Amino acid sequence: MKPEYASEVAKGERFEFGKNWDRFLRLLNEERITAAVKSLQDMLEVPDFADLSFLDIGSGSGLFSLAARTLGATVVSFDFDTASVACTQQLKRRYYPQDPHWRIETGSALDRTYIDSLGQYDIVYSWGVLHHTGDMWRALENASIACKSGGLLYISIYNDQGGTSQRWTALKRLYNKSPRPAKFLLEVAVSAYFISKRGIALAAKLENPFSRDEQERGMSYFRGVVDWVGGYPFEVASPEKIFDFYRARGFTLMKLKTNRGHGCNEFVFRRER
C-alpha cells in the first residue's frame, strides 16, 4: 500500500474498495460472470471482442476485466488500490493463468504520465471509478486520452442530485471516520433505506427488490451498498455536463442510460478524432 494511500485511509479520507471486492469474490460464480459479460455486450453493442484491446481503469474486483477477456479482448487492468489489484490478479490466476493477453498493474487514473505510457485502446472502460479519485474531471480527461480514434469509451458517473448528493457526501465522510461497529450500523441503515424506498414499487410489479442494478451486472447487492455508503472521495455530475465535456474533446455519444436517483448514469462515447 502506498504511503499516501494508507495515510488517507487512516484519516478517513478514502474508502478501501479492495477489501470490499475481496469479500465479493467469495460470491463469484459462473452466473455472475455470464451477467457481467452480457452487460458489456448489451451496453457496447459489440458481441465479440476478438482482436480488440480493452483498458479497465480501476479494475476493482476484476470481474469486468475477466468478462472482457472472456469475450476475446486483450486486456490491461489497473487500479490505485493495491487490494483491488490483488483481487484482479486472483481472478486471472483462477480463470486465465499465465495468459499473456491480460496484464494487471498498479496505477492511478490521475497520473497523466502513467496513462500516456499505456497507449491507446479500442475500448476504455471505467464503471463507477472516476468519481472516487478525488479529481473527477482530470480523471475523465485522462480516460479520454487512452481511447483510440474510432474507439469506445464506456464510463459511469454518479448522478448529481444537488443537495441530496451533498448530504450523501457528508454521510460518506462520517462512515469513513467511524469505528467498525458504527460502520456496520450505517451499512444496515442504508441498506434498509434502499430496500424500503424501492421495495414497494417493485413489489407492486411482483419483482424482487434485490434483482436490479448490481445483480444485472453480476455484482452483489450488499457489497454494492457497502461500496455506496463507503465510497469516498465522492463527486457527481449531471448527464449534460458529461456530454458537453466529451463533445468538446471530439467524442460522440452512442448510448446513454440515466438514473434519476442516487445511482450512476452510464455513457458510451465514440472518439471521432
# chains A, B, ... in the order shown; residues from 1 in each chain; ligands from 1
call {"tool": "residues_around", "arguments": {"residues": "range 171-176 of chain A", "least_positions_apart": "2", "cutoff": "12 Å", "atoms": "only C-alpha atoms", "output": "mmCIF file with N, CA and C atoms, in the first residue's frame"}}
result
data_model
loop_
_atom_site.group_PDB
_atom_site.id
_atom_site.type_symbol
_atom_site.label_atom_id
_atom_site.label_comp_id
_atom_site.auth_asym_id
_atom_site.auth_seq_id
_atom_site.Cartn_x
_atom_site.Cartn_y
_atom_site.Cartn_z
ATOM 1 N N GLU A 8 -4.366 8.457 3.836
ATOM 2 C CA GLU A 8 -5.739 8.894 3.550
ATOM 3 C C GLU A 8 -6.759 7.953 4.181
ATOM 4 N N VAL A 9 -6.500 6.644 4.132
ATOM 5 C CA VAL A 9 -7.395 5.670 4.744
ATOM 6 C C VAL A 9 -7.434 5.874 6.252
ATOM 7 N N ALA A 10 -6.261 6.051 6.859
ATOM 8 C CA ALA A 10 -6.174 6.222 8.311
ATOM 9 C C ALA A 10 -6.911 7.471 8.783
ATOM 10 N N LYS A 11 -6.903 8.525 7.963
ATOM 11 C CA LYS A 11 -7.575 9.773 8.331
ATOM 12 C C LYS A 11 -9.054 9.780 7.946
ATOM 13 N N GLY A 12 -9.538 8.682 7.382
ATOM 14 C CA GLY A 12 -10.938 8.620 6.971
ATOM 15 C C GLY A 12 -11.241 9.410 5.726
ATOM 16 N N GLU A 13 -10.225 9.602 4.877
ATOM 17 C CA GLU A 13 -10.401 10.383 3.656
ATOM 18 C C GLU A 13 -10.521 9.515 2.413
ATOM 19 N N ARG A 14 -10.413 8.186 2.587
ATOM 20 C CA ARG A 14 -10.522 7.282 1.435
ATOM 21 C C ARG A 14 -11.049 5.930 1.884
ATOM 22 N N PHE A 15 -11.977 5.410 1.116
ATOM 23 C CA PHE A 15 -12.567 4.099 1.376
ATOM 24 C C PHE A 15 -11.684 3.012 0.771
ATOM 25 N N GLU A 16 -11.557 1.876 1.476
ATOM 26 C CA GLU A 16 -10.760 0.759 0.984
ATOM 27 C C GLU A 16 -11.634 -0.146 0.112
ATOM 28 N N PHE A 17 -11.757 0.223 -1.150
ATOM 29 C CA PHE A 17 -12.611 -0.524 -2.070
ATOM 30 C C PHE A 17 -12.167 -1.978 -2.207
ATOM 31 N N HIS A 132 -14.463 8.656 -7.796
ATOM 32 C CA HIS A 132 -13.861 8.341 -6.496
ATOM 33 C C HIS A 132 -12.368 8.666 -6.439
ATOM 34 N N THR A 164 -29.184 16.631 -2.171
ATOM 35 C CA THR A 164 -29.173 15.225 -1.756
ATOM 36 C C THR A 164 -27.776 14.636 -1.902
ATOM 37 N N SER A 165 -27.078 14.986 -2.970
ATOM 38 C CA SER A 165 -25.710 14.499 -3.163
ATOM 39 C C SER A 165 -24.787 15.052 -2.075
ATOM 40 N N GLN A 166 -25.009 16.281 -1.678
ATOM 41 C CA GLN A 166 -24.201 16.871 -0.608
ATOM 42 C C GLN A 166 -24.420 16.132 0.711
ATOM 43 N N ARG A 167 -25.656 15.742 0.973
ATOM 44 C CA ARG A 167 -25.939 15.005 2.212
ATOM 45 C C ARG A 167 -25.314 13.613 2.176
ATOM 46 N N TRP A 168 -25.337 12.970 0.999
ATOM 47 C CA TRP A 168 -24.675 11.672 0.873
ATOM 48 C C TRP A 168 -23.173 11.821 1.090
ATOM 49 N N THR A 169 -22.599 12.906 0.591
ATOM 50 C CA THR A 169 -21.167 13.146 0.781
ATOM 51 C C THR A 169 -20.828 13.240 2.262
ATOM 52 N N SER A 178 -15.579 6.669 11.049
ATOM 53 C CA SER A 178 -16.218 5.957 12.160
ATOM 54 C C SER A 178 -15.503 4.648 12.480
ATOM 55 N N PRO A 179 -15.620 4.166 13.726
ATOM 56 C CA PRO A 179 -15.105 2.837 14.072
ATOM 57 C C PRO A 179 -15.949 1.756 13.418
ATOM 58 N N ARG A 180 -15.428 0.534 13.359
ATOM 59 C CA ARG A 180 -16.088 -0.555 12.655
ATOM 60 C C ARG A 180 -17.531 -0.798 13.093
ATOM 61 N N PRO A 181 -17.870 -0.812 14.405
ATOM 62 C CA PRO A 181 -19.271 -1.050 14.786
ATOM 63 C C PRO A 181 -20.224 -0.002 14.210
ATOM 64 N N ALA A 182 -19.791 1.258 14.203
ATOM 65 C CA ALA A 182 -20.631 2.318 13.645
ATOM 66 C C ALA A 182 -20.780 2.168 12.136
ATOM 67 N N LYS A 183 -19.712 1.726 11.486
ATOM 68 C CA LYS A 183 -19.789 1.499 10.040
ATOM 69 C C LYS A 183 -20.829 0.426 9.725
ATOM 70 N N PHE A 184 -20.825 -0.636 10.508
ATOM 71 C CA PHE A 184 -21.788 -1.713 10.276
ATOM 72 C C PHE A 184 -23.219 -1.202 10.426
ATOM 73 N N LEU A 185 -23.465 -0.398 11.452
ATOM 74 C CA LEU A 185 -24.809 0.152 11.660
ATOM 75 C C LEU A 185 -25.225 1.042 10.486
ATOM 76 N N LEU A 186 -24.289 1.816 9.962
ATOM 77 C CA LEU A 186 -24.593 2.664 8.806
ATOM 78 C C LEU A 186 -24.884 1.814 7.568
ATOM 79 N N GLU A 187 -24.134 0.726 7.389
ATOM 80 C CA GLU A 187 -24.380 -0.174 6.256
ATOM 81 C C GLU A 187 -25.785 -0.764 6.331
ATOM 82 N N ALA A 189 -28.367 0.451 8.015
ATOM 83 C CA ALA A 189 -29.366 1.516 7.886
ATOM 84 C C ALA A 189 -29.562 1.928 6.434
ATOM 85 N N VAL A 190 -28.460 2.088 5.700
ATOM 86 C CA VAL A 190 -28.555 2.491 4.291
ATOM 87 C C VAL A 190 -29.180 1.380 3.459
ATOM 88 N N VAL A 225 -24.000 -1.906 -1.682
ATOM 89 C CA VAL A 225 -24.410 -0.956 -0.645
ATOM 90 C C VAL A 225 -23.188 -0.472 0.133
ATOM 91 N N VAL A 226 -22.302 -1.402 0.498
ATOM 92 C CA VAL A 226 -21.088 -1.028 1.231
ATOM 93 C C VAL A 226 -20.241 -0.085 0.381
ATOM 94 N N ASP A 227 -20.114 -0.400 -0.906
ATOM 95 C CA ASP A 227 -19.391 0.465 -1.835
ATOM 96 C C ASP A 227 -20.018 1.854 -1.873
ATOM 97 N N TRP A 228 -21.346 1.908 -1.864
ATOM 98 C CA TRP A 228 -22.039 3.186 -1.944
ATOM 99 C C TRP A 228 -21.848 4.018 -0.684
ATOM 100 N N VAL A 229 -22.128 3.446 0.476
ATOM 101 C CA VAL A 229 -22.061 4.227 1.710
ATOM 102 C C VAL A 229 -20.623 4.578 2.059
ATOM 103 N N GLY A 230 -19.664 3.721 1.675
ATOM 104 C CA GLY A 230 -18.274 3.989 1.992
ATOM 105 C C GLY A 230 -17.518 4.750 0.932
ATOM 106 N N GLY A 231 -18.029 4.754 -0.309
ATOM 107 C CA GLY A 231 -17.282 5.267 -1.444
ATOM 108 C C GLY A 231 -16.903 6.733 -1.341
ATOM 109 N N TYR A 232 -15.669 6.981 -0.950
ATOM 110 C CA TYR A 232 -15.170 8.339 -0.761
ATOM 111 C C TYR A 232 -13.688 8.351 -1.087
ATOM 112 N N PRO A 233 -13.158 9.380 -1.781
ATOM 113 C CA PRO A 233 -13.781 10.617 -2.248
ATOM 114 C C PRO A 233 -14.984 10.368 -3.162
ATOM 115 N N PHE A 234 -15.824 11.392 -3.297
ATOM 116 C CA PHE A 234 -17.104 11.243 -3.973
ATOM 117 C C PHE A 234 -17.436 12.527 -4.720
ATOM 118 N N GLU A 235 -17.633 12.419 -6.040
ATOM 119 C CA GLU A 235 -18.056 13.555 -6.853
ATOM 120 C C GLU A 235 -19.210 13.122 -7.753
#
call {"tool": "residues_around", "arguments": {"residues": "Val129 in chain A", "least_positions_apart": "4", "cutoff": "9 Å", "atoms": "only C-alpha atoms", "output": "list in words"}}
result
Ile57, Gly58, Ser59, Gly60, Thr133, Met136, Ile155, Ser156 and Ile157 of chain A
call {"tool": "write_last_selection", "arguments": {"atoms": "N, CA and C atoms", "output": "mmCIF file, in the first residue's frame"}}
result
data_model
loop_
_atom_site.group_PDB
_atom_site.id
_atom_site.type_symbol
_atom_site.label_atom_id
_atom_site.label_comp_id
_atom_site.auth_asym_id
_atom_site.auth_seq_id
_atom_site.Cartn_x
_atom_site.Cartn_y
_atom_site.Cartn_z
ATOM 1 N N ILE A 57 -9.953 0.824 -16.327
ATOM 2 C CA ILE A 57 -9.443 1.838 -15.404
ATOM 3 C C ILE A 57 -10.146 1.681 -14.062
ATOM 4 N N GLY A 58 -9.395 1.263 -13.065
ATOM 5 C CA GLY A 58 -9.985 0.999 -11.755
ATOM 6 C C GLY A 58 -10.683 -0.348 -11.772
ATOM 7 N N SER A 59 -9.912 -1.408 -11.896
ATOM 8 C CA SER A 59 -10.487 -2.731 -12.165
ATOM 9 C C SER A 59 -11.269 -3.310 -10.993
ATOM 10 N N GLY A 60 -11.061 -2.803 -9.764
ATOM 11 C CA GLY A 60 -11.857 -3.251 -8.625
ATOM 12 C C GLY A 60 -11.756 -4.739 -8.375
ATOM 13 N N THR A 133 -11.844 9.338 -7.439
ATOM 14 C CA THR A 133 -10.409 9.599 -7.493
ATOM 15 C C THR A 133 -9.987 10.806 -6.667
ATOM 16 N N MET A 136 -12.256 14.251 -10.254
ATOM 17 C CA MET A 136 -13.023 13.554 -11.282
ATOM 18 C C MET A 136 -12.762 14.099 -12.682
ATOM 19 N N ILE A 155 -18.152 4.706 -19.547
ATOM 20 C CA ILE A 155 -17.970 5.167 -18.170
ATOM 21 C C ILE A 155 -19.316 5.252 -17.469
ATOM 22 N N SER A 156 -19.266 5.252 -16.149
ATOM 23 C CA SER A 156 -20.453 5.564 -15.364
ATOM 24 C C SER A 156 -20.049 6.539 -14.269
ATOM 25 N N ILE A 157 -20.903 7.539 -14.062
ATOM 26 C CA ILE A 157 -20.620 8.612 -13.115
ATOM 27 C C ILE A 157 -21.868 8.867 -12.269
#
call {"tool": "residues_around", "arguments": {"residues": "Ser53 in chain A", "least_positions_apart": "4", "cutoff": "10 Å", "atoms": "only C-alpha atoms", "output": "list in words"}}
result
Phe49, Ala68, Arg69, Gly72, Ala73, Thr74, Val75, Val76, His101, Trp102, Gln120, Tyr121, Asp122, Ile123, Val124, Lys148 and Gly151 of chain A
call {"tool": "write_last_selection", "arguments": {"atoms": "N, CA and C atoms", "output": "PDB file, in the first residue's frame"}}
result
ATOM      1  N   PHE A  49     -15.301  -9.444 -28.689  1.00  0.00           N
ATOM      2  CA  PHE A  49     -14.183  -8.507 -28.506  1.00  0.00           C
ATOM      3  C   PHE A  49     -12.882  -9.025 -29.127  1.00  0.00           C
ATOM      4  N   ALA A  68     -14.267  -9.062 -20.210  1.00  0.00           N
ATOM      5  CA  ALA A  68     -13.695  -8.622 -21.487  1.00  0.00           C
ATOM      6  C   ALA A  68     -12.754  -9.675 -22.053  1.00  0.00           C
ATOM      7  N   ARG A  69     -11.963 -10.286 -21.171  1.00  0.00           N
ATOM      8  CA  ARG A  69     -11.039 -11.341 -21.644  1.00  0.00           C
ATOM      9  C   ARG A  69     -11.829 -12.545 -22.142  1.00  0.00           C
ATOM     10  N   GLY A  72     -12.804 -12.214 -25.556  1.00  0.00           N
ATOM     11  CA  GLY A  72     -11.726 -12.300 -26.535  1.00  0.00           C
ATOM     12  C   GLY A  72     -10.796 -11.110 -26.613  1.00  0.00           C
ATOM     13  N   ALA A  73     -11.006 -10.084 -25.770  1.00  0.00           N
ATOM     14  CA  ALA A  73     -10.172  -8.895 -25.824  1.00  0.00           C
ATOM     15  C   ALA A  73      -8.791  -9.148 -25.228  1.00  0.00           C
ATOM     16  N   THR A  74      -7.827  -8.357 -25.679  1.00  0.00           N
ATOM     17  CA  THR A  74      -6.545  -8.235 -24.997  1.00  0.00           C
ATOM     18  C   THR A  74      -6.731  -7.167 -23.931  1.00  0.00           C
ATOM     19  N   VAL A  75      -6.487  -7.517 -22.674  1.00  0.00           N
ATOM     20  CA  VAL A  75      -6.907  -6.682 -21.546  1.00  0.00           C
ATOM     21  C   VAL A  75      -5.715  -6.133 -20.769  1.00  0.00           C
ATOM     22  N   VAL A  76      -5.811  -4.841 -20.425  1.00  0.00           N
ATOM     23  CA  VAL A  76      -4.915  -4.231 -19.450  1.00  0.00           C
ATOM     24  C   VAL A  76      -5.793  -3.676 -18.324  1.00  0.00           C
ATOM     25  N   HIS A 101      -2.224 -12.247 -22.640  1.00  0.00           N
ATOM     26  CA  HIS A 101      -3.151 -11.258 -23.192  1.00  0.00           C
ATOM     27  C   HIS A 101      -3.956 -10.523 -22.114  1.00  0.00           C
ATOM     28  N   TRP A 102      -3.548 -10.678 -20.857  1.00  0.00           N
ATOM     29  CA  TRP A 102      -4.195  -9.960 -19.759  1.00  0.00           C
ATOM     30  C   TRP A 102      -3.103  -9.486 -18.811  1.00  0.00           C
ATOM     31  N   GLN A 120      -3.061   3.543 -26.365  1.00  0.00           N
ATOM     32  CA  GLN A 120      -4.483   3.753 -26.624  1.00  0.00           C
ATOM     33  C   GLN A 120      -5.177   2.425 -26.940  1.00  0.00           C
ATOM     34  N   TYR A 121      -6.503   2.408 -26.704  1.00  0.00           N
ATOM     35  CA  TYR A 121      -7.259   1.153 -26.725  1.00  0.00           C
ATOM     36  C   TYR A 121      -8.546   1.291 -27.536  1.00  0.00           C
ATOM     37  N   ASP A 122      -9.011   0.144 -28.027  1.00  0.00           N
ATOM     38  CA  ASP A 122     -10.283   0.115 -28.749  1.00  0.00           C
ATOM     39  C   ASP A 122     -11.453   0.378 -27.808  1.00  0.00           C
ATOM     40  N   ILE A 123     -11.363  -0.134 -26.587  1.00  0.00           N
ATOM     41  CA  ILE A 123     -12.405   0.067 -25.580  1.00  0.00           C
ATOM     42  C   ILE A 123     -11.741   0.509 -24.281  1.00  0.00           C
ATOM     43  N   VAL A 124     -12.174   1.649 -23.777  1.00  0.00           N
ATOM     44  CA  VAL A 124     -11.738   2.124 -22.458  1.00  0.00           C
ATOM     45  C   VAL A 124     -12.945   2.056 -21.542  1.00  0.00           C
ATOM     46  N   LYS A 148      -8.584   5.169 -28.462  1.00  0.00           N
ATOM     47  CA  LYS A 148      -8.178   5.332 -29.852  1.00  0.00           C
ATOM     48  C   LYS A 148      -9.193   6.157 -30.638  1.00  0.00           C
ATOM     49  N   GLY A 151     -12.445   4.492 -31.296  1.00  0.00           N
ATOM     50  CA  GLY A 151     -12.664   3.594 -30.172  1.00  0.00           C
ATOM     51  C   GLY A 151     -13.844   4.010 -29.311  1.00  0.00           C
TER      52      GLY A 151
END
call {"tool": "residues_around", "arguments": {"residues": "Gly119 in chain A", "least_positions_apart": "5", "cutoff": "10 Å", "atoms": "only C-alpha atoms", "output": "PyMOL selection string"}}
result
chain A and resi 55+114+145-148
call {"tool": "write_last_selection", "arguments": {"atoms": "C-alpha atoms", "output": "PDB file, in the first residue's frame"}}
result
ATOM      1  CA  LEU A  55      -8.382  -0.937 -20.819  1.00  0.00           C
ATOM      2  CA  TYR A 114       1.232   6.717 -16.440  1.00  0.00           C
ATOM      3  CA  ILE A 145      -6.599  10.202 -23.812  1.00  0.00           C
ATOM      4  CA  ALA A 146      -6.429   6.407 -23.576  1.00  0.00           C
ATOM      5  CA  CYS A 147      -9.148   5.911 -26.223  1.00  0.00           C
ATOM      6  CA  LYS A 148      -8.178   5.332 -29.852  1.00  0.00           C
TER       7      LYS A 148
END
call {"tool": "select_by_dssp", "arguments": {"residues": "range 87-201 of chain A", "states": "strand (DSSP E or B)", "output": "PyMOL selection string"}}
result
chain A and resi 102-106+121-127+147-159
call {"tool": "residues_around", "arguments": {"residues": "Lys38 in chain A", "least_positions_apart": "2", "cutoff": "10 Å", "atoms": "only C-alpha atoms", "output": "PyMOL selection string"}}
result
chain A and resi 32-36+40-45+47+67+71+216-218
call {"tool": "select_by_dssp", "arguments": {"residues": "range 58-198 of chain A", "states": "helix (DSSP H, G or I)", "output": "PyMOL selection string"}}
result
chain A and resi 63-70+82-95+112-118+130-132+136-145+163-177+180-198
call {"tool": "closest_residue", "arguments": {"among": "A:Leu63, A:Pro239, A:Phe245, A:Leu110", "to": "Arg260 in chain A", "atoms": "only C-alpha atoms"}}
result
A:Pro239
call {"tool": "atom_distance", "arguments": {"atom1": "CA of Ala143 in chain A", "atom2": "CA of Asn159 in chain A"}}
result
18.7 Å
call {"tool": "closest_residue", "arguments": {"among": "A:Ser65, A:Ser126, A:Ser108, A:Gln161", "to": "Lys92 in chain A", "atoms": "only C-alpha atoms"}}
result
A:Ser65
call {"tool": "closest_residue", "arguments": {"among": "A:Ser39, A:Ser84, A:Ser77, A:Ser7", "to": "Phe24 in chain A", "atoms": "only C-alpha atoms"}}
result
A:Ser84
call {"tool": "atom_distance", "arguments": {"atom1": "CA of Ala109 in chain A", "atom2": "CA of Arg138 in chain A"}}
result
8.4 Å
call {"tool": "atom_distance", "arguments": {"atom1": "CA of Asp244 in chain A", "atom2": "CA of Asn142 in chain A"}}
result
16.0 Å
call {"tool": "closest_residue", "arguments": {"among": "A:Ser144, A:Ser149, A:Tyr96, A:Val37", "to": "Arg112 in chain A", "atoms": "only C-alpha atoms"}}
result
A:Ser144
call {"tool": "closest_residue", "arguments": {"among": "A:Lys257, A:Lys177, A:Arg223, A:Lys241", "to": "Leu27 in chain A", "atoms": "only C-alpha atoms"}}
result
A:Arg223
